[in-house]
Amino acid sequence: MSAPDPLVIRSIEFLGGQAQPGGWRPAPTLPEIAFSGRSNVGKSSLLNKLVKRKSLARVSQTPGKTREINFFAVNGQFLLVDLPGYGYARVSKEARATWRPLIEGYLSGSAQLRGVVQLVDARHEPTPEDREMLDYLAELGVPTVVVLTKTDKLRKGDVTPRTAEMSRALGLDAEQVIAFSAVTGAGRDELAEAVVELVSAPAWRAV
């Protein structure tokens, strides 16, 4: 008998996108969970697998194309916040320069942010941008869950040692890192459980 789904999706609604710092965003009335990662880390596929929808977040053939912070209301209980991908080399410096204040402005200013899910590609060493983002999240003090994506690209026997290796590289305990595959669904329920825990946790900073 399979375990019950820790995150049953009854409804999900796209509320809109924030295109610039200080621009429109939904009223901060519900807990928010943000998802962050490099442009080609597989974030759209992860979000689709997490909420069990085929096209919640478009799986773009052009990394770096999403340039807004997208907000989705889940079950009327919390907001799933899809941050623009960072670090894609073919995107102009000007575009990257506008995304950074957008992302940092959201992370530092959202009164209802309960946690961040930070994605890192399991196949490669953490990039300078990955480390910079994790350092920034640590500086803010926001609760953070690290997810290793694309583990289906590894040999099955390599997933556990690779998770331990990446945890050491990032200075984290292995329990803080979730190995995930949008193809096989591995790690989906662990991530869903972590999201539910973050949503129900008290605010980590004063409003």
# chains A, B, ... in the order shown; residues from 1 in each chain; ligands from 1
>>> closest_atom_pairs(of="segment 18-76 of chain A", to="segment 192-200 of chain A", cutoff="9 Å", atoms="only C-alpha atoms", output="Markdown table")
| residue | atom | partner | partner_atom | distance |
| --- | --- | --- | --- | --- |
| A:Pro31 | CA | A:Val199 | CA | 5.9 |
| A:Glu32 | CA | A:Val199 | CA | 7.2 |
| A:Ile33 | CA | A:Val199 | CA | 7.1 |
| A:Leu50 | CA | A:Ala192 | CA | 6.7 |
| A:Val51 | CA | A:Ala192 | CA | 8.6 |
>>> write_last_selection(atoms="C-alpha atoms", output="PDB file, in the first residue's frame")
ATOM      1  CA  PRO A  31       2.700  31.808   2.840  1.00  0.00           C
ATOM      2  CA  GLU A  32       5.081  31.747  -0.143  1.00  0.00           C
ATOM      3  CA  ILE A  33       7.567  29.070  -1.236  1.00  0.00           C
ATOM      4  CA  LEU A  50       5.643  18.404  -7.944  1.00  0.00           C
ATOM      5  CA  VAL A  51       2.093  19.608  -8.600  1.00  0.00           C
TER       6      VAL A  51
END
>>> residues_around(residues="Leu80 of chain A", least_positions_apart="6", cutoff="9 Å", atoms="only C-alpha atoms", output="list in words")
Pro31, Glu32, Ile33, Ala34, Phe35, Asn70, Phe71, Phe72, Ala73 and Val74 of chain A
>>> write_last_selection(atoms="N, CA and C atoms", output="mmCIF file, in the first residue's frame")
data_model
loop_
_atom_site.group_PDB
_atom_site.id
_atom_site.type_symbol
_atom_site.label_atom_id
_atom_site.label_comp_id
_atom_site.auth_asym_id
_atom_site.auth_seq_id
_atom_site.Cartn_x
_atom_site.Cartn_y
_atom_site.Cartn_z
ATOM 1 N N PRO A 31 1.303 32.246 2.823
ATOM 2 C CA PRO A 31 2.700 31.808 2.840
ATOM 3 C C PRO A 31 3.205 31.582 1.415
ATOM 4 N N GLU A 32 4.491 31.877 1.187
ATOM 5 C CA GLU A 32 5.081 31.747 -0.143
ATOM 6 C C GLU A 32 6.306 30.839 -0.091
ATOM 7 N N ILE A 33 6.401 29.943 -1.070
ATOM 8 C CA ILE A 33 7.567 29.070 -1.236
ATOM 9 C C ILE A 33 8.167 29.376 -2.599
ATOM 10 N N ALA A 34 9.411 29.813 -2.620
ATOM 11 C CA ALA A 34 10.072 30.199 -3.870
ATOM 12 C C ALA A 34 10.982 29.083 -4.369
ATOM 13 N N PHE A 35 11.074 28.973 -5.703
ATOM 14 C CA PHE A 35 11.919 27.969 -6.349
ATOM 15 C C PHE A 35 12.972 28.699 -7.177
ATOM 16 N N ASN A 70 6.911 34.374 -11.394
ATOM 17 C CA ASN A 70 5.542 33.895 -11.610
ATOM 18 C C ASN A 70 4.952 33.350 -10.312
ATOM 19 N N PHE A 71 3.706 33.746 -10.038
ATOM 20 C CA PHE A 71 3.030 33.381 -8.795
ATOM 21 C C PHE A 71 1.850 32.453 -9.082
ATOM 22 N N PHE A 72 1.781 31.345 -8.344
ATOM 23 C CA PHE A 72 0.694 30.389 -8.470
ATOM 24 C C PHE A 72 0.082 30.154 -7.086
ATOM 25 N N ALA A 73 -1.234 30.245 -6.988
ATOM 26 C CA ALA A 73 -1.932 29.930 -5.737
ATOM 27 C C ALA A 73 -2.262 28.440 -5.727
ATOM 28 N N VAL A 74 -1.860 27.751 -4.673
ATOM 29 C CA VAL A 74 -2.062 26.304 -4.560
ATOM 30 C C VAL A 74 -3.070 26.022 -3.452
#
>>> residues_around(residues="segment 100-110 of chain A", least_positions_apart="4", cutoff="8 Å", atoms="only C-alpha atoms", output="list in words")
Ala19, Gln20, Pro21, Gly22, Pro28, Ile69, Leu83, Pro84, Arg96 and Leu140 of chain A
>>> select_by_dssp(residues="segment 38-192 of chain A", states="strand (DSSP E or B)", output="ChimeraX atom specification")
/A:38,69-74,78-82,86,113-121,144-149,177-179
>>> write_last_selection(atoms="N, CA and C atoms", output="compact mmCIF listing (two decimals), in the first residue's frame")
# COMPACT_ATOMS: atom_id res chain seq x y z
N ARG A 38 19.53 27.63 -11.68
CA ARG A 38 20.06 28.03 -12.98
C ARG A 38 19.02 27.81 -14.07
N ILE A 69 8.95 36.90 -12.24
CA ILE A 69 8.64 36.05 -11.09
C ILE A 69 7.17 35.66 -11.23
N ASN A 70 6.91 34.37 -11.39
CA ASN A 70 5.54 33.90 -11.61
C ASN A 70 4.95 33.35 -10.31
N PHE A 71 3.71 33.75 -10.04
CA PHE A 71 3.03 33.38 -8.80
C PHE A 71 1.85 32.45 -9.08
N PHE A 72 1.78 31.35 -8.34
CA PHE A 72 0.69 30.39 -8.47
C PHE A 72 0.08 30.15 -7.09
N ALA A 73 -1.23 30.24 -6.99
CA ALA A 73 -1.93 29.93 -5.74
C ALA A 73 -2.26 28.44 -5.73
N VAL A 74 -1.86 27.75 -4.67
CA VAL A 74 -2.06 26.30 -4.56
C VAL A 74 -3.07 26.02 -3.45
N PHE A 78 -1.33 28.48 -0.16
CA PHE A 78 0.00 29.08 -0.24
C PHE A 78 0.30 29.44 -1.68
N LEU A 79 1.34 30.26 -1.86
CA LEU A 79 1.78 30.64 -3.19
C LEU A 79 3.06 29.91 -3.54
N LEU A 80 3.09 29.32 -4.71
CA LEU A 80 4.29 28.75 -5.29
C LEU A 80 4.88 29.85 -6.17
N VAL A 81 6.13 30.20 -5.93
CA VAL A 81 6.76 31.34 -6.60
C VAL A 81 7.93 30.85 -7.44
N ASP A 82 7.81 31.01 -8.75
CA ASP A 82 8.81 30.54 -9.71
C ASP A 82 9.72 31.71 -10.08
N TYR A 86 18.83 31.77 -13.46
CA TYR A 86 20.01 32.64 -13.53
C TYR A 86 21.18 31.90 -14.17
N LEU A 113 7.41 35.11 2.68
CA LEU A 113 8.31 34.05 2.20
C LEU A 113 8.64 33.12 3.37
N ARG A 114 8.27 31.84 3.22
CA ARG A 114 8.52 30.86 4.28
C ARG A 114 9.74 29.99 4.01
N GLY A 115 10.14 29.92 2.74
CA GLY A 115 11.29 29.09 2.43
C GLY A 115 11.61 29.11 0.95
N VAL A 116 12.82 28.64 0.62
CA VAL A 116 13.29 28.59 -0.76
C VAL A 116 13.73 27.17 -1.08
N VAL A 117 13.31 26.69 -2.23
CA VAL A 117 13.79 25.42 -2.76
C VAL A 117 14.85 25.77 -3.81
N GLN A 118 16.10 25.46 -3.50
CA GLN A 118 17.22 25.80 -4.39
C GLN A 118 17.62 24.57 -5.19
N LEU A 119 17.58 24.68 -6.52
CA LEU A 119 17.89 23.55 -7.39
C LEU A 119 19.33 23.60 -7.86
N VAL A 120 19.98 22.43 -7.86
CA VAL A 120 21.34 22.29 -8.36
C VAL A 120 21.39 21.03 -9.22
N ASP A 121 22.03 21.11 -10.37
CA ASP A 121 22.14 19.97 -11.28
C ASP A 121 23.05 18.90 -10.67
N THR A 144 16.02 26.97 3.72
CA THR A 144 16.32 26.56 2.35
C THR A 144 16.42 25.04 2.25
N VAL A 145 15.78 24.50 1.22
CA VAL A 145 15.89 23.08 0.89
C VAL A 145 16.65 23.00 -0.43
N VAL A 146 17.68 22.17 -0.50
CA VAL A 146 18.45 22.00 -1.73
C VAL A 146 18.01 20.71 -2.42
N VAL A 147 17.70 20.83 -3.71
CA VAL A 147 17.26 19.68 -4.50
C VAL A 147 18.26 19.44 -5.62
N LEU A 148 18.74 18.22 -5.72
CA LEU A 148 19.62 17.83 -6.83
C LEU A 148 18.74 17.29 -7.96
N THR A 149 18.75 17.97 -9.11
CA THR A 149 17.89 17.59 -10.22
C THR A 149 18.60 16.65 -11.20
N VAL A 177 19.47 17.68 1.70
CA VAL A 177 19.52 17.61 0.24
C VAL A 177 18.60 16.50 -0.25
N ILE A 178 17.79 16.81 -1.25
CA ILE A 178 16.85 15.85 -1.83
C ILE A 178 17.29 15.51 -3.25
N ALA A 179 17.49 14.23 -3.53
CA ALA A 179 17.80 13.77 -4.89
C ALA A 179 16.48 13.62 -5.65
>>> closest_residue(among="A:Ser2, A:Thr151, A:Ser45, A:Thr184", to="Ala122 of chain A", atoms="only C-alpha atoms")
A:Thr151
>>> closest_residue(among="A:Thr160, A:Gln18, A:Thr127, A:Thr29", to="Gln77 of chain A", atoms="only C-alpha atoms")
A:Thr29
>>> select_by_dssp(residues="segment 111-199 of chain A", states="helix (DSSP H, G or I)", output="ChimeraX atom specification")
/A:128-140,151-153,156-170,174-176,188-199
>>> write_last_selection(atoms="C-alpha atoms", output="JSON list (two decimals), in the first residue's frame")
[["chain", "number", "residue", "atom", "x", "y", "z"],
["A", 128, "PRO", "CA", 29.76, 30.06, -8.76],
["A", 129, "GLU", "CA", 26.20, 31.36, -9.26],
["A", 130, "ASP", "CA", 24.80, 28.41, -7.27],
["A", 131, "ARG", "CA", 27.19, 29.11, -4.42],
["A", 132, "GLU", "CA", 26.49, 32.82, -4.56],
["A", 133, "MET", "CA", 22.74, 32.19, -4.31],
["A", 134, "LEU", "CA", 23.14, 29.79, -1.39],
["A", 135, "ASP", "CA", 25.41, 32.29, 0.37],
["A", 136, "TYR", "CA", 22.80, 35.00, -0.18],
["A", 137, "LEU", "CA", 20.01, 32.81, 1.19],
["A", 138, "ALA", "CA", 22.16, 31.97, 4.23],
["A", 139, "GLU", "CA", 22.87, 35.66, 4.74],
["A", 140, "LEU", "CA", 19.13, 36.39, 4.70],
["A", 151, "THR", "CA", 19.39, 12.28, -11.05],
["A", 152, "ASP", "CA", 17.95, 9.96, -13.73],
["A", 153, "LYS", "CA", 20.98, 10.96, -15.81],
["A", 156, "LYS", "CA", 21.31, 4.25, -10.18],
["A", 157, "GLY", "CA", 24.10, 3.17, -7.85],
["A", 158, "ASP", "CA", 25.73, 6.60, -8.10],
["A", 159, "VAL", "CA", 22.80, 8.66, -6.80],
["A", 160, "THR", "CA", 23.41, 8.17, -3.06],
["A", 161, "PRO", "CA", 27.19, 8.76, -3.14],
["A", 162, "ARG", "CA", 26.71, 11.72, -5.49],
["A", 163, "THR", "CA", 24.17, 13.22, -3.09],
["A", 164, "ALA", "CA", 26.66, 12.86, -0.23],
["A", 165, "GLU", "CA", 29.44, 14.33, -2.37],
["A", 166, "MET", "CA", 27.34, 17.35, -3.38],
["A", 167, "SER", "CA", 26.21, 17.85, 0.21],
["A", 168, "ARG", "CA", 29.84, 18.05, 1.32],
["A", 169, "ALA", "CA", 30.68, 20.42, -1.54],
["A", 170, "LEU", "CA", 27.88, 22.75, -0.43],
["A", 174, "ALA", "CA", 22.93, 14.97, 3.50],
["A", 175, "GLU", "CA", 19.49, 15.22, 5.19],
["A", 176, "GLN", "CA", 19.18, 18.78, 3.85],
["A", 188, "ARG", "CA", 8.82, 14.03, -5.48],
["A", 189, "ASP", "CA", 7.13, 13.04, -2.24],
["A", 190, "GLU", "CA", 10.16, 14.06, -0.15],
["A", 191, "LEU", "CA", 10.08, 17.47, -1.80],
["A", 192, "ALA", "CA", 6.30, 17.74, -1.35],
["A", 193, "GLU", "CA", 6.69, 16.94, 2.33],
["A", 194, "ALA", "CA", 9.41, 19.57, 2.70],
["A", 195, "VAL", "CA", 7.19, 22.17, 1.01],
["A", 196, "VAL", "CA", 4.28, 21.35, 3.33],
["A", 197, "GLU", "CA", 6.57, 21.71, 6.36],
["A", 198, "LEU", "CA", 7.83, 25.09, 5.13],
["A", 199, "VAL", "CA", 4.29, 26.33, 4.50]]
>>> atom_distance(atom1="atom CA of Ala186 of chain A", atom2="atom CA of Lys54 of chain A")
16.7 Å
>>> atom_distance(atom1="atom CA of Trp24 of chain A", atom2="atom CA of Leu7 of chain A")
28.3 Å
>>> closest_residue(among="A:Ile12, A:Gly87, A:Glu68, A:Gly171", to="Arg25 of chain A", atoms="only C-alpha atoms")
A:Glu68
>>> atom_distance(atom1="atom CA of Asn75 of chain A", atom2="atom CA of Phe14 of chain A")
11.7 Å
